[in-house]
Amino acid sequence: MRRHGLSFRGRVVVLLAAAIGAVQAFNAVAQYWVVRNAVLTRTGTELARAAEIFNGRVQVATEQLGETARILSLDFALREAVATGEHETALSALRNYGQRLNGARMLLVSLDGHVMADSQPPPSGPAASFAYRSLLGGPALRKGGTALAVLDGQPSRLAYVPVLAPRAVGWVVAVLPLGAEDAAALKALSPVDIDVSFVWQSDDGWRAAGTSLDQALAATIPATAAALEPAVPMLRADADGDAVQYLGTFPVAAGSPPVGLLLRHRADTALEAYEPLVYALLGVILTGLAAGLGGGVLAARTAARPLGQLAKAARDVEAGRYDLPTLAGAEPAVPADEVGRAMQAFRQMAGAVSDRERQVRHQAAHDGVTGLPNRQELDRLLAERAGQGAAPLSIVLLGLARLAELNNTLGHGLGDRLVARVGDLLRDAAGPGALVARVADNRFAVALPAGEEQAAEAARRLVGVFDAPVALDGLAIDVQAGAGVAGRDPALTPRELLRRADVALYLALQHDHGVTTYAPGLDPYRPEDVSLMSELRAGVERGEMALRYQPKVDLRGGRVVGAEALARWTHPRHGFLPPDRFIPLAEETGNIRHLTRWALSTALAQAAAWRTAGLDLGVAVNVSARDLADAGMADLVRGLMGDLRLPPRNVTVEVTEGAVMRDPDAAVAVLRRMADAGARVSVDDFGTGHSSLAYLRKLPVSELKVDKSFVLKLASSPTDQAVVKAVVELGHALDLSVVAEGVEDAGAFALLAGMGCDLAQGYHMGRPMPAADLAALAVGARWDAVPA
Amino acid sequence: MQSFSRPALLTALALALAPFPAFAAPVQVAVTDSAGNALPHAVVALVPAAGTSVPAPPPRTVVLDQRKEIFRPHVLVARPGDTLAVRNGDAKKHHSYSFTPMAKFSAEMGPNSPGPEVALPAVGEVAIGCNLHDGMLAYAVVVDAPVAGVTGPEGKVTLEAPAGAYTVRLWHPRGSRWDEPGKLEVAASGASASYSLVVEPKSAEPGAYDDPEQGFPLP
Ligand SMILES: [Cu+2]
């Protein structure tokens, strides 16, 4: 902004001040020149008048000289001396008279022009004849006359008078050069300071004679005289600065070189009278500059401040603040001038930009066909929602299986309308609180503020919408839809949640399952998991799988009465893998069957081994939802129990609430067959699902396992105590034994014992351990319920 | 004063103009300048040619009076041997002088006083001035001619000369040289002639000595 050092405001101030200053300066200079020219003209006129006066003065002085000379010429002795040819006598008389005539040079000239006597002969010696003899004679014979002429290199006043004896017998010529005294006398005559110089023009230019100037300036006289035109005043610079110069001329005797009067008046002297005017002009300039600066500041205030506001407003727009908070206050001050209009335009522009940005953002955030938020917008909205708190969030991702096919058949126009209609249907079906977005051509995401189970229910409802064909333009279009569900895990980003839902949807569409809930094992995007699934079966066959046994202790007797068998996979490359790394995966991929069969075989064989060893210990094996769909599983249990001669109380199959509820009817059938085969059925993780008692009653269940989430902090949580107590009472009311998982301290153990809970399982008694360890524990260990 | 001076002047004139009245005949001469204007104060002298005999007149005294600050006459003619008598007829002082070597004099004269008598021994022109009044100037022209006179205000003069042949000589203050315009035959009954003379222009100043009205005897 301020790259050039001077702000706009500064430039306005400077420019305005400069402009006004320039105008003032021009004005002042113009006025000065007018004044100066006026002064020159006036001075010139004054000099011309002075020249005239001086000329007259010289004339008068010359005539006085002539008069005096004439009177002297009448001296009887002089007449006698001249008339009688006594030249020495005449000369002495002339010298005497010359002194009386201001030291004039006196000549005695014969009637025929010969110089007979000279009081001050020039160094070159007396001239033979008088240079201006033409003056002598004629009418002048009686009275004589005067003239100005250059004699012997000096402009001089000449007075010539005849010597009458009584007829003219010769001439007395008085010669008085125009000297410095005369110049000074003339200078003194003038009220103004005028320097006077007498000049004459020799064959090789003007020469100076008497002058009132100092020596230095006197040296410039010839050049000045040469530069001047007679009677034309001129401003010239010489050694002493500017001066008005004037060259006047004298009438001279015939044959004499021109004689001039050079007048000089210093220009500054001439301008001196105008000094107040100069100061006034200076004042005007300064005032103008001040006014310029003041005006500049004012102009900057009225022009630059709005511009500054505009610049700030531009930054507002850049930052997306289209309401222009900067200009809000400026409005009343904005005049209806260009700046004001610029602000108006800027405001309109900001509005237009804002609208367009909203539009662009909407287009960027929404799907053009359905008007629903798109994938990015969904991400954004979910991130926004995640930021607001840890409310439960699940995603149902609904996929249209045949969309590409439909598009090909119906054409894209109709296809688009179909998609739009699907969007509408979903929006209606999802209900308030749900967020529906189109995240891909054939995928709609519905974000729900609900847990995974509720989301799965909603997913089934949404998929159910498309059980009936969609009516469009009189066509009934069969749309096949599937849905993937992913529940909220607080550690997950919404993006990851969506991805998981996508994984689930993929499986749902592949396996024609209407709705699939995400499980880590399903996730094909974990490459190691994918390879794990291919290796699981081999791993089972290669004996990489092992079972560990976690003790179940009788809360009344404190003895180990059985164990839950838990699979461990020691992978040749990955090493030890916990069950949750591969069980859910195996469950979803179907590999769980192999695992379950192996586990059943191994665990039951172990139970048989303990039995042989004299230990009456039961084993519990986990059975997944998939297994419940496998009718052969019941047969396996039946076969193994028969082969191993295991009594029914020693074999338990544990199923999760969720697994049962996924397909309750099928599960009930399989479980009933297992029970028929002699196995006990235990409902694992009881309390976490939403199993209804109605189903529970249908199941051939012998045991309830209270989920460890209720037990872990049992000693400190009255609520948990109430829940567990209720479960225990419920179980007993249904003639079921109740097992508490997650017993990690003696307090919980005592509380459970007090509640009448049948069995306890947890780290307090032992972690999952090898079969031999468990056998040792069963023989030697005993836990007493010590009240806390 | 006038009663005294007039008879003396008349006597002098009678002596000058009619030396030999019995033998002489009147000769009328008119002189003009080159423009034809009458030229007063011109000296006309008749020098007898060979064969003409004129007896030399006896020496005389010519009078130069000063009246009203003017020498009267302005020009007078004399012969060598004559005497110039200067006198002052004014009621003021005059200081007449001449630097002409032949007749050099300087004399102050009180009112109505006789002045010096100056001998005119040789031919020449004697310029006489007044040291007190620069405008005063007179000429005494000494010529060796038996018959001579000065033109009057109309530029004319009548001379008395015996019949015979003469050389005419003319002189004027504004010429200051002798001219000989020619010969003149004078019959027994006399003669008349007119001549023109080249002279300097006269001074423009009124009352100057060469004013034609000036320099003549007052009535
Ligand atoms: Cu006098």
# chains A, B, ... in the order shown; residues from 1 in each chain; ligands from 1
>>> residues_around(residues="B:Val126", least_positions_apart="5", cutoff="10 Å", atoms="only C-alpha atoms", output="MDAnalysis selection string")
chainID B and resid 75:76 98:104 120 138:142
>>> residues_near_ligand(ligand="ligand 1", cutoff="8 Å", atoms="only C-alpha atoms and all ligand atoms", output="PDB file with all heavy atoms, in the first residue's frame")
ATOM      1  N   GLN B  66      33.568 110.991 -31.470  1.00  0.00           N
ATOM      2  CA  GLN B  66      32.859 109.868 -30.847  1.00  0.00           C
ATOM      3  C   GLN B  66      31.555 110.399 -30.288  1.00  0.00           C
ATOM      4  O   GLN B  66      31.560 111.215 -29.348  1.00  0.00           O
ATOM      5  CB  GLN B  66      33.702 109.244 -29.723  1.00  0.00           C
ATOM      6  CG  GLN B  66      35.046 108.706 -30.234  1.00  0.00           C
ATOM      7  CD  GLN B  66      35.976 108.288 -29.113  1.00  0.00           C
ATOM      8  OE1 GLN B  66      35.840 107.231 -28.540  1.00  0.00           O
ATOM      9  NE2 GLN B  66      36.942 109.159 -28.826  1.00  0.00           N
ATOM     10  N   GLU B  69      28.528 106.663 -28.511  1.00  0.00           N
ATOM     11  CA  GLU B  69      29.312 105.428 -28.485  1.00  0.00           C
ATOM     12  C   GLU B  69      29.584 104.898 -29.885  1.00  0.00           C
ATOM     13  O   GLU B  69      29.658 103.693 -30.093  1.00  0.00           O
ATOM     14  CB  GLU B  69      28.618 104.334 -27.640  1.00  0.00           C
ATOM     15  CG  GLU B  69      28.750 104.571 -26.153  1.00  0.00           C
ATOM     16  CD  GLU B  69      28.160 103.440 -25.314  1.00  0.00           C
ATOM     17  OE1 GLU B  69      28.245 102.269 -25.756  1.00  0.00           O
ATOM     18  OE2 GLU B  69      27.643 103.739 -24.210  1.00  0.00           O
ATOM     19  N   ILE B  70      29.663 105.755 -30.810  1.00  0.00           N
ATOM     20  CA  ILE B  70      29.990 105.374 -32.179  1.00  0.00           C
ATOM     21  C   ILE B  70      31.054 106.342 -32.686  1.00  0.00           C
ATOM     22  O   ILE B  70      30.980 107.544 -32.444  1.00  0.00           O
ATOM     23  CB  ILE B  70      28.736 105.429 -33.082  1.00  0.00           C
ATOM     24  CG1 ILE B  70      27.710 104.355 -32.644  1.00  0.00           C
ATOM     25  CG2 ILE B  70      29.104 105.241 -34.552  1.00  0.00           C
ATOM     26  CD1 ILE B  70      26.389 104.482 -33.351  1.00  0.00           C
ATOM     27  N   LYS B  93      32.960 108.867 -20.792  1.00  0.00           N
ATOM     28  CA  LYS B  93      34.370 108.663 -21.036  1.00  0.00           C
ATOM     29  C   LYS B  93      34.576 107.648 -22.139  1.00  0.00           C
ATOM     30  O   LYS B  93      33.788 106.708 -22.301  1.00  0.00           O
ATOM     31  CB  LYS B  93      35.030 108.141 -19.740  1.00  0.00           C
ATOM     32  CG  LYS B  93      36.538 108.127 -19.783  1.00  0.00           C
ATOM     33  CD  LYS B  93      37.075 107.627 -18.426  1.00  0.00           C
ATOM     34  CE  LYS B  93      38.577 107.417 -18.491  1.00  0.00           C
ATOM     35  NZ  LYS B  93      39.070 106.876 -17.213  1.00  0.00           N
ATOM     36  N   HIS B  94      35.619 107.841 -22.931  1.00  0.00           N
ATOM     37  CA  HIS B  94      36.034 106.875 -23.940  1.00  0.00           C
ATOM     38  C   HIS B  94      37.510 106.625 -23.802  1.00  0.00           C
ATOM     39  O   HIS B  94      38.227 107.432 -23.275  1.00  0.00           O
ATOM     40  CB  HIS B  94      35.727 107.364 -25.366  1.00  0.00           C
ATOM     41  CG  HIS B  94      34.265 107.345 -25.690  1.00  0.00           C
ATOM     42  ND1 HIS B  94      33.536 106.194 -25.858  1.00  0.00           N
ATOM     43  CD2 HIS B  94      33.375 108.361 -25.891  1.00  0.00           C
ATOM     44  CE1 HIS B  94      32.280 106.478 -26.133  1.00  0.00           C
ATOM     45  NE2 HIS B  94      32.152 107.811 -26.155  1.00  0.00           N
ATOM     46  N   HIS B  95      37.884 105.429 -24.185  1.00  0.00           N
ATOM     47  CA  HIS B  95      39.321 105.103 -24.163  1.00  0.00           C
ATOM     48  C   HIS B  95      39.685 104.540 -25.525  1.00  0.00           C
ATOM     49  O   HIS B  95      39.571 103.341 -25.770  1.00  0.00           O
ATOM     50  CB  HIS B  95      39.617 104.076 -23.043  1.00  0.00           C
ATOM     51  CG  HIS B  95      41.033 103.588 -23.041  1.00  0.00           C
ATOM     52  ND1 HIS B  95      41.447 102.547 -22.241  1.00  0.00           N
ATOM     53  CD2 HIS B  95      42.146 104.025 -23.698  1.00  0.00           C
ATOM     54  CE1 HIS B  95      42.741 102.323 -22.456  1.00  0.00           C
ATOM     55  NE2 HIS B  95      43.180 103.236 -23.340  1.00  0.00           N
ATOM     56  N   SER B  96      40.043 105.463 -26.402  1.00  0.00           N
ATOM     57  CA  SER B  96      40.351 105.063 -27.772  1.00  0.00           C
ATOM     58  C   SER B  96      41.774 104.556 -27.858  1.00  0.00           C
ATOM     59  O   SER B  96      42.645 104.972 -27.096  1.00  0.00           O
ATOM     60  CB  SER B  96      40.168 106.265 -28.713  1.00  0.00           C
ATOM     61  OG  SER B  96      38.879 106.811 -28.523  1.00  0.00           O
ATOM     62  N   GLY B 129      39.840 101.476 -31.865  1.00  0.00           N
ATOM     63  CA  GLY B 129      38.752 100.947 -31.035  1.00  0.00           C
ATOM     64  C   GLY B 129      38.660 101.701 -29.745  1.00  0.00           C
ATOM     65  O   GLY B 129      39.438 102.629 -29.482  1.00  0.00           O
ATOM     66  N   CYS B 130      37.709 101.316 -28.967  1.00  0.00           N
ATOM     67  CA  CYS B 130      37.562 101.889 -27.637  1.00  0.00           C
ATOM     68  C   CYS B 130      37.641 100.772 -26.629  1.00  0.00           C
ATOM     69  O   CYS B 130      36.909  99.770 -26.745  1.00  0.00           O
ATOM     70  CB  CYS B 130      36.229 102.637 -27.497  1.00  0.00           C
ATOM     71  SG  CYS B 130      35.966 103.269 -25.820  1.00  0.00           S
ATOM     72  N   ASN B 131      38.479 100.948 -25.678  1.00  0.00           N
ATOM     73  CA  ASN B 131      38.680  99.885 -24.698  1.00  0.00           C
ATOM     74  C   ASN B 131      37.494  99.764 -23.755  1.00  0.00           C
ATOM     75  O   ASN B 131      37.338  98.749 -23.076  1.00  0.00           O
ATOM     76  CB  ASN B 131      39.968 100.159 -23.917  1.00  0.00           C
ATOM     77  CG  ASN B 131      40.412  98.923 -23.128  1.00  0.00           C
ATOM     78  OD1 ASN B 131      40.177  97.798 -23.587  1.00  0.00           O
ATOM     79  ND2 ASN B 131      41.006  99.127 -21.986  1.00  0.00           N
ATOM     80  N   LEU B 132      36.668 100.804 -23.730  1.00  0.00           N
ATOM     81  CA  LEU B 132      35.508 100.738 -22.839  1.00  0.00           C
ATOM     82  C   LEU B 132      34.285 100.215 -23.563  1.00  0.00           C
ATOM     83  O   LEU B 132      33.396  99.633 -22.964  1.00  0.00           O
ATOM     84  CB  LEU B 132      35.197 102.133 -22.267  1.00  0.00           C
ATOM     85  CG  LEU B 132      36.320 102.752 -21.449  1.00  0.00           C
ATOM     86  CD1 LEU B 132      35.887 104.133 -20.932  1.00  0.00           C
ATOM     87  CD2 LEU B 132      36.687 101.860 -20.275  1.00  0.00           C
ATOM     88  N   HIS B 133      34.238 100.462 -24.875  1.00  0.00           N
ATOM     89  CA  HIS B 133      33.061 100.045 -25.629  1.00  0.00           C
ATOM     90  C   HIS B 133      33.506  99.198 -26.799  1.00  0.00           C
ATOM     91  O   HIS B 133      34.002  99.714 -27.786  1.00  0.00           O
ATOM     92  CB  HIS B 133      32.286 101.276 -26.093  1.00  0.00           C
ATOM     93  CG  HIS B 133      31.978 102.212 -24.944  1.00  0.00           C
ATOM     94  ND1 HIS B 133      32.696 103.396 -24.737  1.00  0.00           N
ATOM     95  CD2 HIS B 133      31.081 102.149 -23.927  1.00  0.00           C
ATOM     96  CE1 HIS B 133      32.242 104.012 -23.645  1.00  0.00           C
ATOM     97  NE2 HIS B 133      31.250 103.246 -23.137  1.00  0.00           N
ATOM     98  N   ASP B 134      33.273  97.853 -26.636  1.00  0.00           N
ATOM     99  CA  ASP B 134      33.798  96.945 -27.639  1.00  0.00           C
ATOM    100  C   ASP B 134      33.164  97.160 -29.007  1.00  0.00           C
ATOM    101  O   ASP B 134      33.721  96.786 -30.025  1.00  0.00           O
ATOM    102  CB  ASP B 134      33.562  95.492 -27.185  1.00  0.00           C
ATOM    103  CG  ASP B 134      34.471  95.117 -26.037  1.00  0.00           C
ATOM    104  OD1 ASP B 134      35.548  95.753 -25.940  1.00  0.00           O
ATOM    105  OD2 ASP B 134      34.112  94.202 -25.251  1.00  0.00           O
ATOM    106  N   MET B 136      32.691  99.831 -30.541  1.00  0.00           N
ATOM    107  CA  MET B 136      33.183 101.007 -31.273  1.00  0.00           C
ATOM    108  C   MET B 136      34.405 100.624 -32.102  1.00  0.00           C
ATOM    109  O   MET B 136      35.338 100.030 -31.602  1.00  0.00           O
ATOM    110  CB  MET B 136      33.538 102.126 -30.281  1.00  0.00           C
ATOM    111  CG  MET B 136      32.312 102.664 -29.521  1.00  0.00           C
ATOM    112  SD  MET B 136      32.764 103.852 -28.266  1.00  0.00           S
ATOM    113  CE  MET B 136      33.373 105.203 -29.270  1.00  0.00           C
TER     114      MET B 136
END
>>> interface_residues(of="chain A", to="chain B", cutoff="7 Å", atoms="only C-alpha atoms", output="CSV table (one decimal) with N, CA, C and O atoms, in the first residue's frame")
chain,number,residue,atom,x,y,z
A,76,PHE,N,42.7,94.5,-22.2
A,76,PHE,CA,43.5,95.4,-23.1
A,76,PHE,C,44.9,94.9,-23.3
A,76,PHE,O,45.4,94.9,-24.4
A,80,GLU,N,46.5,93.9,-26.7
A,80,GLU,CA,47.7,94.6,-27.2
A,80,GLU,C,48.8,93.6,-27.5
A,80,GLU,O,49.4,93.6,-28.6
A,83,ALA,N,47.7,91.8,-30.6
A,83,ALA,CA,47.8,92.7,-31.8
A,83,ALA,C,49.2,93.0,-32.2
A,83,ALA,O,49.5,93.2,-33.4
A,84,THR,N,50.1,93.1,-31.2
A,84,THR,CA,51.4,93.4,-31.5
A,84,THR,C,52.3,92.2,-31.7
A,84,THR,O,53.5,92.4,-31.8
A,139,PRO,N,30.0,84.7,-38.9
A,139,PRO,CA,29.2,85.5,-37.9
A,139,PRO,C,29.9,85.5,-36.5
A,139,PRO,O,29.6,86.4,-35.7
A,165,ALA,N,41.0,93.9,-31.8
A,165,ALA,CA,42.1,94.9,-31.5
A,165,ALA,C,42.1,96.1,-32.5
A,165,ALA,O,43.1,96.3,-33.0
A,166,PRO,N,41.0,96.7,-32.7
A,166,PRO,CA,39.7,96.3,-32.3
A,166,PRO,C,39.0,95.4,-33.3
A,166,PRO,O,38.0,94.8,-33.0
A,167,ARG,N,39.7,95.3,-34.4
A,167,ARG,CA,39.2,94.2,-35.3
A,167,ARG,C,39.8,92.9,-34.8
A,167,ARG,O,40.7,92.9,-34.0
>>> closest_residue(among="B:Val77, B:Ala24, B:Val29, B:Ala193", to="B:Ala145", atoms="only C-alpha atoms")
B:Val77
>>> residues_around(residues="B:Thr167", least_positions_apart="3", cutoff="9 Å", atoms="only C-alpha atoms", output="list in words")
Ala45, Leu46, Val47, Pro48, Ala49, Glu180, Pro181, Gly182, Lys183, Leu184 and Glu185 of chain B
>>> select_by_dssp(residues="stretch 111-168 of chain B", states="strand (DSSP E)", output="ChimeraX atom specification")
/B:113-120,124-130,137-142,147-150,156-161,164-168
>>> write_last_selection(atoms="N, CA and C atoms", output="tab-separated table (two decimals), in the first residue's frame")
chain	number	residue	atom	x	y	z
B	113	SER	N	35.74	116.03	-24.63
B	113	SER	CA	37.12	116.49	-24.53
B	113	SER	C	37.85	116.20	-25.83
B	114	PRO	N	38.78	117.04	-26.17
B	114	PRO	CA	39.63	116.69	-27.32
B	114	PRO	C	40.59	115.59	-26.94
B	115	GLY	N	40.97	114.86	-27.97
B	115	GLY	CA	41.86	113.72	-27.73
B	115	GLY	C	43.20	113.95	-28.40
B	116	PRO	N	43.89	112.89	-28.55
B	116	PRO	CA	45.24	113.00	-29.13
B	116	PRO	C	45.19	113.29	-30.63
B	117	GLU	N	46.26	113.86	-31.10
B	117	GLU	CA	46.42	114.05	-32.53
B	117	GLU	C	47.46	113.05	-32.99
B	118	VAL	N	47.02	112.16	-33.86
B	118	VAL	CA	47.87	111.03	-34.23
B	118	VAL	C	48.34	111.23	-35.67
B	119	ALA	N	49.63	111.14	-35.85
B	119	ALA	CA	50.18	111.32	-37.19
B	119	ALA	C	49.94	110.07	-38.01
B	120	LEU	N	49.62	110.31	-39.30
B	120	LEU	CA	49.41	109.18	-40.21
B	120	LEU	C	50.50	109.25	-41.26
B	124	GLY	N	48.27	102.87	-45.26
B	124	GLY	CA	47.83	101.70	-44.45
B	124	GLY	C	46.46	101.95	-43.86
B	125	GLU	N	45.98	100.92	-43.15
B	125	GLU	CA	44.69	101.09	-42.48
B	125	GLU	C	44.92	101.09	-40.99
B	126	VAL	N	44.39	102.07	-40.37
B	126	VAL	CA	44.54	102.18	-38.93
B	126	VAL	C	43.18	101.87	-38.31
B	127	ALA	N	43.16	100.71	-37.52
B	127	ALA	CA	41.91	100.35	-36.84
B	127	ALA	C	41.90	100.99	-35.48
B	128	ILE	N	40.85	101.68	-35.19
B	128	ILE	CA	40.75	102.38	-33.93
B	128	ILE	C	39.56	101.81	-33.16
B	129	GLY	N	39.84	101.48	-31.86
B	129	GLY	CA	38.75	100.95	-31.04
B	129	GLY	C	38.66	101.70	-29.75
B	130	CYS	N	37.71	101.32	-28.97
B	130	CYS	CA	37.56	101.89	-27.64
B	130	CYS	C	37.64	100.77	-26.63
B	137	LEU	N	34.30	101.02	-33.39
B	137	LEU	CA	35.39	100.67	-34.30
B	137	LEU	C	35.42	101.70	-35.44
B	138	ALA	N	36.60	102.11	-35.72
B	138	ALA	CA	36.74	103.07	-36.84
B	138	ALA	C	38.01	102.77	-37.62
B	139	TYR	N	37.97	103.16	-38.88
B	139	TYR	CA	39.14	102.93	-39.71
B	139	TYR	C	39.61	104.25	-40.31
B	140	ALA	N	40.87	104.47	-40.16
B	140	ALA	CA	41.46	105.60	-40.89
B	140	ALA	C	42.30	105.00	-42.01
B	141	VAL	N	41.77	105.17	-43.25
B	141	VAL	CA	42.42	104.53	-44.39
B	141	VAL	C	43.37	105.56	-45.02
B	142	VAL	N	44.62	105.25	-44.97
B	142	VAL	CA	45.62	106.20	-45.51
B	142	VAL	C	46.01	105.69	-46.90
B	147	VAL	N	42.75	112.14	-55.16
B	147	VAL	CA	41.30	112.26	-55.08
B	147	VAL	C	40.76	111.02	-54.37
B	148	ALA	N	40.05	111.15	-53.29
B	148	ALA	CA	39.49	110.00	-52.56
B	148	ALA	C	38.31	110.45	-51.73
B	149	GLY	N	37.43	109.56	-51.51
B	149	GLY	CA	36.25	109.86	-50.67
B	149	GLY	C	35.62	108.57	-50.14
B	150	VAL	N	34.59	108.73	-49.31
B	150	VAL	CA	33.91	107.57	-48.69
B	150	VAL	C	32.43	107.65	-49.02
B	156	LYS	N	26.89	106.28	-52.17
B	156	LYS	CA	27.35	107.17	-53.25
B	156	LYS	C	28.27	108.22	-52.67
B	157	VAL	N	29.13	108.64	-53.54
B	157	VAL	CA	30.04	109.73	-53.16
B	157	VAL	C	30.31	110.56	-54.41
B	158	THR	N	30.44	111.85	-54.21
B	158	THR	CA	30.77	112.72	-55.32
B	158	THR	C	32.17	113.31	-55.07
B	159	LEU	N	33.06	113.04	-56.02
B	159	LEU	CA	34.45	113.51	-55.89
B	159	LEU	C	34.67	114.69	-56.87
B	160	GLU	N	35.65	115.50	-56.59
B	160	GLU	CA	36.05	116.57	-57.51
B	160	GLU	C	37.40	116.19	-58.10
B	161	ALA	N	37.45	116.02	-59.39
B	161	ALA	CA	38.71	115.61	-60.00
B	161	ALA	C	38.93	116.37	-61.32
B	164	GLY	N	40.74	113.84	-66.91
B	164	GLY	CA	41.88	112.97	-67.18
B	164	GLY	C	41.55	111.53	-66.91
B	165	ALA	N	42.57	110.71	-67.02
B	165	ALA	CA	42.35	109.25	-66.80
B	165	ALA	C	42.82	108.88	-65.40
B	166	TYR	N	42.03	108.02	-64.76
B	166	TYR	CA	42.33	107.61	-63.38
B	166	TYR	C	42.16	106.12	-63.23
B	167	THR	N	42.91	105.61	-62.28
B	167	THR	CA	42.66	104.23	-61.86
B	167	THR	C	41.79	104.28	-60.63
B	168	VAL	N	40.70	103.55	-60.68
B	168	VAL	CA	39.78	103.54	-59.53
B	168	VAL	C	40.21	102.44	-58.55
